[in-house]
Structure formats: C-alpha cells, structure tokens
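Visitor: Sharing my_file.cif (mmCIF, C-alpha atoms) below.
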```cif
data_upload
loop_
_atom_site.label_atom_id
_atom_site.label_comp_id
_atom_site.auth_asym_id
_atom_site.auth_seq_id
_atom_site.Cartn_x
_atom_site.Cartn_y
_atom_site.Cartn_z
CA MET A 1 17.96 17.94 11.48
CA ALA A 2 15.60 15.42 13.06
CA ALA A 3 14.00 12.81 10.86
CA HIS A 4 10.58 14.46 11.16
CA GLU A 5 11.88 18.00 10.45
CA VAL A 6 12.65 17.85 6.74
CA ASN A 7 12.53 21.02 4.66
CA THR A 8 9.58 21.18 2.28
CA ALA A 9 10.63 20.74 -1.35
CA THR A 10 9.80 23.66 -3.63
CA VAL A 11 10.08 21.72 -6.86
CA CYS A 12 6.87 20.64 -8.56
CA ALA A 13 6.91 17.44 -10.64
CA CYS A 14 3.23 17.33 -11.58
CA LYS A 15 2.28 16.35 -15.13
CA GLY A 16 -0.98 16.37 -17.09
CA ILE A 17 -3.99 16.50 -14.80
CA ARG A 18 -1.92 15.98 -11.64
CA THR A 19 -1.57 19.05 -9.38
CA CYS A 20 -0.25 20.12 -5.98
CA LEU A 21 -0.31 23.38 -4.01
CA LEU A 22 2.92 24.45 -5.71
CA CYS A 23 1.33 24.57 -9.17
CA GLU A 24 -2.36 25.29 -8.60
CA THR A 25 -2.22 29.10 -8.63
CA GLY A 26 -4.74 30.32 -11.15
CA ARG A 27 -6.33 26.91 -11.66
CA THR A 28 -9.91 26.20 -10.74
CA GLU A 29 -11.42 22.99 -9.43
CA SER A 30 -13.89 21.18 -11.63
CA GLU A 31 -17.40 22.00 -10.51
CA GLU A 32 -18.83 18.77 -11.87
CA GLU A 33 -20.86 17.14 -9.16
CA LYS A 34 -21.01 13.41 -8.64
CA VAL A 35 -23.06 11.22 -6.37
CA VAL A 36 -20.83 9.66 -3.73
CA HIS A 37 -21.88 7.07 -1.16
CA ARG A 38 -19.37 7.00 1.69
CA PHE A 39 -18.53 4.04 3.89
CA VAL A 40 -15.99 3.18 6.59
CA LEU A 41 -14.27 -0.21 6.62
CA ASP A 42 -13.96 -2.44 9.65
CA PRO A 43 -10.81 -4.40 8.57
CA GLU A 44 -11.32 -7.15 11.14
CA GLU A 45 -14.81 -7.91 9.88
CA GLY A 46 -14.14 -6.97 6.25
CA LEU A 47 -17.36 -5.01 6.37
CA ALA A 48 -17.96 -1.54 4.88
CA VAL A 49 -20.51 0.41 6.95
CA SER A 50 -22.33 3.50 5.70
CA ALA A 51 -20.84 6.71 7.09
CA ASP A 52 -24.26 8.37 6.95
CA GLY A 53 -26.35 5.38 7.92
CA ASP A 54 -28.36 5.59 4.71
CA SER A 55 -26.99 2.50 2.93
CA ALA A 56 -26.73 -1.17 3.80
CA PRO A 57 -23.30 -2.51 4.83
CA PHE A 58 -21.48 -4.83 2.45
CA SER A 59 -18.49 -7.16 2.44
CA LEU A 60 -15.19 -5.85 1.02
CA PRO A 61 -12.60 -8.65 1.11
CA GLY A 62 -8.89 -8.22 0.55
CA VAL A 63 -7.91 -5.70 3.24
CA PHE A 64 -5.64 -6.80 6.08
CA LEU A 65 -4.50 -4.28 8.69
CA GLN A 66 -1.99 -4.96 11.46
CA ARG A 67 -1.70 -2.21 14.04
CA ASP A 68 1.64 -1.42 15.73
CA PHE A 69 3.59 -3.45 13.21
CA ILE A 70 6.72 -1.62 14.35
CA SER A 71 7.62 0.32 17.50
CA GLU A 72 7.90 4.10 17.72
CA GLN A 73 11.69 3.82 18.02
CA GLU A 74 11.89 1.59 14.94
CA GLU A 75 9.70 4.04 13.05
CA LEU A 76 11.97 7.01 13.82
CA GLU A 77 15.07 5.01 12.91
CA LEU A 78 13.57 4.00 9.56
CA VAL A 79 12.62 7.55 8.64
CA GLU A 80 16.00 8.89 9.74
CA LEU A 81 17.70 6.41 7.40
CA MET A 82 15.39 7.40 4.55
CA ASP A 83 16.15 11.07 5.09
CA ARG A 84 19.87 10.42 4.65
CA ASP A 85 19.11 9.69 1.00
CA ALA A 86 17.76 12.20 -1.49
CA TRP A 87 14.03 12.47 -2.03
CA THR A 88 12.98 12.97 -5.66
CA PRO A 89 10.04 15.32 -6.41
CA SER A 90 7.06 13.34 -7.66
CA GLN A 91 3.53 14.12 -8.81
CA SER A 92 0.69 15.56 -6.74
CA GLY A 93 3.04 17.07 -4.17
CA ARG A 94 4.69 13.82 -3.16
CA ARG A 95 8.40 12.99 -2.95
CA LYS A 96 9.71 9.50 -3.59
CA GLN A 97 12.57 7.02 -3.32
CA ASP A 98 12.49 4.04 -5.68
CA PHE A 99 14.17 0.68 -5.14
CA GLY A 100 13.26 -1.56 -8.04
CA PRO A 101 13.83 -2.59 -11.65
CA LYS A 102 13.59 -0.24 -14.62
CA VAL A 103 10.08 -0.63 -16.06
CA ASN A 104 8.18 0.64 -19.09
CA PHE A 105 4.61 -0.39 -18.36
CA LYS A 106 3.20 0.82 -21.68
CA LYS A 107 5.63 -1.32 -23.69
CA ARG A 108 5.74 -4.05 -21.04
CA ARG A 109 9.49 -4.00 -20.76
CA VAL A 110 11.50 -4.53 -17.61
CA ARG A 111 15.23 -4.79 -16.89
CA VAL A 112 17.47 -4.75 -13.87
CA GLY A 113 19.02 -1.42 -14.86
CA GLY A 114 20.67 0.25 -11.87
CA PHE A 115 18.62 -1.74 -9.37
CA SER A 116 20.91 -2.99 -6.60
CA GLY A 117 18.36 -4.37 -4.15
CA LEU A 118 15.97 -3.28 -1.44
CA PRO A 119 17.55 -1.05 1.24
CA ALA A 120 19.39 -2.70 4.12
CA ALA A 121 16.93 -1.29 6.68
CA SER A 122 14.09 -3.23 5.04
CA ARG A 123 15.51 -6.67 5.80
CA ARG A 124 14.08 -6.56 9.31
CA LEU A 125 10.69 -5.37 8.00
CA VAL A 126 10.46 -8.15 5.42
CA GLU A 127 11.46 -10.83 7.90
CA ARG A 128 8.73 -9.56 10.23
CA MET A 129 6.20 -9.64 7.37
CA TRP A 130 6.92 -13.33 6.93
CA ARG A 131 5.46 -13.91 10.41
CA GLU A 132 2.14 -12.31 9.47
CA ARG A 133 -0.95 -14.13 8.32
CA GLY A 134 -0.99 -14.39 4.54
CA LEU A 135 2.58 -13.10 4.05
CA ARG A 136 4.71 -16.15 4.82
CA ASP A 137 5.55 -16.56 1.13
CA PHE A 138 5.75 -12.85 0.31
CA GLN A 139 8.88 -12.11 -1.75
CA PRO A 140 9.14 -8.35 -2.40
CA VAL A 141 11.00 -7.27 -5.52
CA GLU A 142 10.29 -3.53 -5.37
CA GLN A 143 9.99 -0.87 -2.68
CA CYS A 144 8.71 2.66 -3.11
CA ASN A 145 9.03 5.19 -0.29
CA LEU A 146 6.66 8.16 -0.51
CA ASP A 147 6.78 11.40 1.48
CA TYR A 148 3.57 13.43 1.93
CA SER A 149 3.48 17.00 3.27
CA PRO A 150 0.36 19.12 3.84
CA ALA A 151 2.38 22.20 2.85
CA ARG A 152 2.69 20.76 -0.67
CA GLY A 153 -0.91 19.56 -0.78
CA ALA A 154 0.43 16.03 -1.20
CA HIS A 155 -1.99 13.26 -2.12
CA ILE A 156 -2.33 10.39 -4.59
CA ASP A 157 -5.23 10.08 -7.00
CA PRO A 158 -7.38 6.93 -7.08
CA HIS A 159 -5.63 4.27 -9.17
CA LEU A 160 -5.12 0.56 -9.72
CA ASP A 161 -1.56 -0.75 -9.51
CA ASP A 162 -0.21 -2.64 -12.51
CA SER A 163 -0.91 -6.38 -12.55
CA TRP A 164 1.32 -7.40 -15.48
CA LEU A 165 4.55 -7.13 -13.45
CA TRP A 166 3.31 -6.77 -9.89
CA GLY A 167 1.64 -9.69 -8.14
CA GLU A 168 -1.34 -10.29 -5.92
CA ARG A 169 -0.38 -8.39 -2.76
CA LEU A 170 0.48 -4.74 -2.15
CA VAL A 171 2.07 -4.28 1.28
CA THR A 172 2.44 -0.85 2.89
CA VAL A 173 3.95 0.32 6.17
CA ASN A 174 2.49 3.67 7.30
CA LEU A 175 4.86 6.01 9.17
CA LEU A 176 4.85 9.27 11.18
CA SER A 177 1.11 10.02 11.17
CA ASP A 178 -2.35 8.51 10.97
CA THR A 179 -4.10 8.84 7.64
CA THR A 180 -6.95 7.32 5.63
CA LEU A 181 -6.78 5.21 2.51
CA THR A 182 -9.82 5.69 0.27
CA LEU A 183 -11.03 2.76 -1.82
CA SER A 184 -13.38 3.70 -4.65
CA VAL A 185 -15.40 2.06 -7.40
CA HIS A 186 -18.09 3.31 -9.78
CA GLN A 187 -21.54 1.77 -9.51
CA GLY A 188 -23.80 3.11 -12.22
CA GLU A 189 -23.74 6.91 -12.08
CA ALA A 190 -22.61 6.90 -8.45
CA GLU A 191 -19.28 6.28 -6.80
CA LEU A 192 -18.74 4.21 -3.69
CA GLN A 193 -15.94 5.41 -1.42
CA VAL A 194 -14.73 3.31 1.49
CA ALA A 195 -12.47 4.93 4.08
CA VAL A 196 -9.81 2.63 5.53
CA PRO A 197 -8.22 4.23 8.64
CA LEU A 198 -4.44 3.72 8.63
CA PRO A 199 -2.91 4.21 12.08
CA ARG A 200 0.67 5.33 12.40
CA ARG A 201 3.12 2.37 12.35
CA SER A 202 0.52 -0.01 10.91
CA LEU A 203 0.90 -2.60 8.14
CA LEU A 204 -1.64 -2.72 5.31
CA VAL A 205 -2.08 -5.52 2.76
CA LEU A 206 -4.34 -5.16 -0.28
CA SER A 207 -5.24 -8.26 -2.28
CA GLY A 208 -8.17 -9.75 -4.21
CA PRO A 209 -11.01 -7.28 -4.94
CA ALA A 210 -9.39 -4.54 -2.84
CA ARG A 211 -6.31 -4.83 -5.06
CA HIS A 212 -7.82 -5.43 -8.51
CA THR A 213 -11.36 -3.98 -8.50
CA TRP A 214 -11.29 -1.04 -6.10
CA LYS A 215 -9.03 1.91 -6.87
CA HIS A 216 -7.04 3.22 -3.92
CA GLY A 217 -5.79 6.71 -3.11
CA ILE A 218 -4.95 9.19 -0.35
CA GLN A 219 -6.96 12.40 -0.33
CA ARG A 220 -5.29 15.73 0.37
CA ALA A 221 -7.67 16.32 3.27
CA HIS A 222 -6.28 13.22 4.99
CA ILE A 223 -2.71 14.52 5.18
CA GLY A 224 -2.60 16.63 8.33
CA GLN A 225 1.13 16.38 8.98
CA ARG A 226 4.13 14.70 7.43
CA ARG A 227 3.41 11.13 6.38
CA VAL A 228 5.93 8.64 5.02
CA CYS A 229 5.09 5.18 3.73
CA SER A 230 6.94 2.24 2.22
CA THR A 231 5.07 0.07 -0.27
CA PHE A 232 6.42 -3.35 -1.24
CA ARG A 233 5.41 -5.26 -4.38
CA GLU A 234 5.90 -8.87 -5.43
CA LEU A 235 6.16 -10.38 -8.90
CA SER A 236 3.22 -11.63 -10.96
CA ALA A 237 2.94 -15.26 -12.09
CA GLU A 238 4.58 -14.43 -15.44
CA PHE A 239 7.88 -13.80 -13.62
CA LEU A 240 7.69 -16.70 -11.16
CA PRO A 241 8.82 -20.32 -11.66
CA GLY A 242 6.93 -21.78 -14.61
CA GLY A 243 6.13 -18.34 -16.04
CA GLU A 244 7.17 -16.99 -19.41
CA SER A 245 9.70 -14.59 -17.84
CA GLU A 246 10.89 -16.87 -15.03
CA GLU A 247 14.59 -16.27 -15.67
CA LEU A 248 14.27 -12.49 -15.43
CA GLY A 249 12.07 -12.80 -12.36
CA THR A 250 14.68 -14.98 -10.63
CA GLU A 251 17.35 -12.36 -11.34
CA LEU A 252 15.18 -9.51 -10.07
CA LEU A 253 14.27 -11.35 -6.89
CA ARG A 254 17.85 -12.39 -6.22
CA THR A 255 18.93 -8.75 -6.57
CA ALA A 256 16.10 -7.43 -4.40
CA LEU A 257 16.80 -9.73 -1.47
CA THR A 258 20.47 -8.77 -1.20
CA PHE A 259 19.15 -5.79 0.80
CA SER A 260 22.08 -3.68 -0.39
CA GLY A 261 20.22 -1.18 -2.56
CA ALA A 262 20.33 2.58 -3.00
CA PRO A 263 17.45 4.68 -4.34
CA LEU A 264 17.36 5.10 -8.11
#
```
Mind turning the file's structure into structure tokens?
Guide:
Amino acid sequence: MAAHEVNTATVCACKGIRTCLLCETGRTESEEEKVVHRFVLDPEEGLAVSADGDSAPFSLPGVFLQRDFISEQEELELVELMDRDAWTPSQSGRRKQDFGPKVNFKKRRVRVGGFSGLPAASRRLVERMWRERGLRDFQPVEQCNLDYSPARGAHIDPHLDDSWLWGERLVTVNLLSDTTLTLSVHQGEAELQVAVPLPRRSLLVLSGPARHTWKHGIQRAHIGQRRVCSTFRELSAEFLPGGESEELGTELLRTALTFSGAPL
C-alpha cells in the first residue's frame, strides 16, 4: 500500500466535548452565534489583513513560514516510514504517533518512561531546521505526528500548547496536502480569527504572541484530503541549564537526540 493510501481507522477516541464524524450521529451542533472577524496572515510581513475588507490590518508577530522546506520525494519517504509504524486513534478524528517523555500536565510530572528518542528519519529534518532563521539553537525533545482524514472529520480545536514543559517555539512540518492554520483570540464579545495558509511541504514556527496569546487549531473544513504533520517541541527554561529541573532536562534531551526512537 502506498504511503498516501492508508485505510481509514474506524475507531473513535473522542472524549468529553471532542467529536469526529465517527461519533456525531444523533448529536446536534450548538446554535449559539458569535461575532467573528476574519483575517488572513501575510507571514512575510507579519500582517493580518481583513478577509472582508471591513477591518483595519494589524501586526501579528511570531509566525515564520518556510515554503518547500523539503522536496516531494523526501515528503513521500517520510510518510512511508511513518506508515510502517502503528497510528493510534486520537481525539477529533485524528490519529497520532508520539515520540516524547511521559507527562502528566495537571500534576506537572514528567519522566523518561519508554521514551527512546526522536525517530531516525527526523535527524535530517532537525539538521535542516538548524540552518533556518531563528532555529539555529532549536533542540527538540518531543515529536508528535498527526494524521488527518476528511473521512473521519479530522480537525483540532483551538488551543494553547503547554508552557510549563514546552519552550518558546513550536515547529511543524506540513505534509501531503495544503491546509490552513487558524489563530484565534477573544476581543470583548467578538472573536478574531486569522487564517495562516500552510502549503504542502512547508515549515511553520510559532513563537511569541502567536504561541502564547493566540490559540491555534485546524478546522474540519480545511482538511480536503489526507494531511500528515510532524510537530517538534523544545524544553522550557525550567528544564534547561540553570533551571530547577536541569538534570532531568539534560537526560530528556540526550535521549531525544539519539534519533533511535519508536512511537509510544
């Protein structure tokens, strides 16, 4: 089976308010209306421009986009290697592969657990990241691969990534199809939504306000065909030299950069 021809999983892993097309039979959408002002981001200028032309543009720092970060051949090879490993059903119709430490975010506990490193195929990606502006000192300690299928209604709700364990930059490589990342923030009774176009094979870095103030998500409507992405996270200051958990951070980073890991 080719890397892009993977059977759709029929197992739903949604919990609480999370849903996908596999579990939505009989459920109804909330009819609560909200005021939404929509914008589109120009990553090179860092400027969000009104999609309807009825609002003034504004600066949104912290989004870096590099088109054609990898070649089409490299993309297919990466996805083929991912598909050799099992995909675990996740929430909102996604499937996932985790390479990282065992974490309880509520209790703020982290341990190496069964973590054996980032996958071997990611060594080349990370080394290429080090040549990019703003990533020369990027030391990833966790990688999460996500698989989105329109048949499952896959998406990811707006959220902020943890900042106790994970550091300043979130780095994502987008594979197999174009999509749109939606950044959102509440402003009074209205919500601002900024669409960030993500071309196939591009590299995205979120930092600063785009990382800590604006929630990010992928809407179901923006998954038109199979999409796979790999997101890499670095450690926060608490786990770096001079931090309270420096020793554990050193162990986690040493393990990650062996590039000999298998999905957990």
Visitor: Do you know which residues the PyMOL selection byres ((chain A and resi 228) around 12) returns on this file, as a PyMOL selection string?
Guide: chain A and resi 3-4+6+75-76+78-80+82-83+87+94-97+144-150+154-155+172-179+200-202+223+225-227+229-231
Visitor: At a cut-off of 9 Å, using only C-alpha atoms, what residues contact region 21-25 of chain A? Leave out same-chain residues fewer than 4 positions from it and give the result as a tab-separated table (two decimals) with C-alpha atoms, in the coordinates of the input.
Guide:
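result13.tsv, written as the output of this step:
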```tsv
chain	number	residue	atom	x	y	z
A	10	THR	CA	9.80	23.66	-3.63
A	11	VAL	CA	10.08	21.72	-6.86
A	12	CYS	CA	6.87	20.64	-8.56
A	14	CYS	CA	3.23	17.33	-11.58
A	92	SER	CA	0.69	15.56	-6.74
A	93	GLY	CA	3.04	17.07	-4.17
A	150	PRO	CA	0.36	19.12	3.84
A	151	ALA	CA	2.38	22.20	2.85
A	152	ARG	CA	2.69	20.76	-0.67
A	153	GLY	CA	-0.91	19.56	-0.78
A	154	ALA	CA	0.43	16.03	-1.20
```
Visitor: How many Å lie between CA of Pro101 (chain A) and CA of Leu252 (chain A), rounded to one decimal?
Guide: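 Result for CA of Pro101 (chain A) versus CA of Leu252 (chain A): 7.2 Å, one decimal.
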Visitor: Write out as a list in words which residues come within 7 Å of region 114-116 of chain A when counting all atoms listed in the file, dropping same-chain ones fewer than 6 positions away.
Guide: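 Neighbouring residues, sequence-local ones excluded: Phe99, Gly100, Pro101, Thr255, Ala256, Ser260, Gly261, Ala262 and Leu264 of chain A.
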Visitor: Do you know which residues the PyMOL selection byres ((chain A and resi 192) around 6) returns on this file, as a PyMOL selection string?
Guide: chain A and resi 36-37+184-185+191+193
Visitor: Mind writing the picked residues with C-alpha atoms as a PDB file, in the coordinates of the input?
Guide:
```
ATOM      1  CA  VAL A  36     -20.830   9.660  -3.730  1.00  0.00           C
ATOM      2  CA  HIS A  37     -21.880   7.070  -1.160  1.00  0.00           C
ATOM      3  CA  SER A 184     -13.380   3.700  -4.650  1.00  0.00           C
ATOM      4  CA  VAL A 185     -15.400   2.060  -7.400  1.00  0.00           C
ATOM      5  CA  GLU A 191     -19.280   6.280  -6.800  1.00  0.00           C
ATOM      6  CA  GLN A 193     -15.940   5.410  -1.420  1.00  0.00           C
TER       7      GLN A 193
END
```
Visitor: Residues picked by the PyMOL selection byres ((chain A and resi 235) around 9) here, as a count of residues only?
Guide: 19
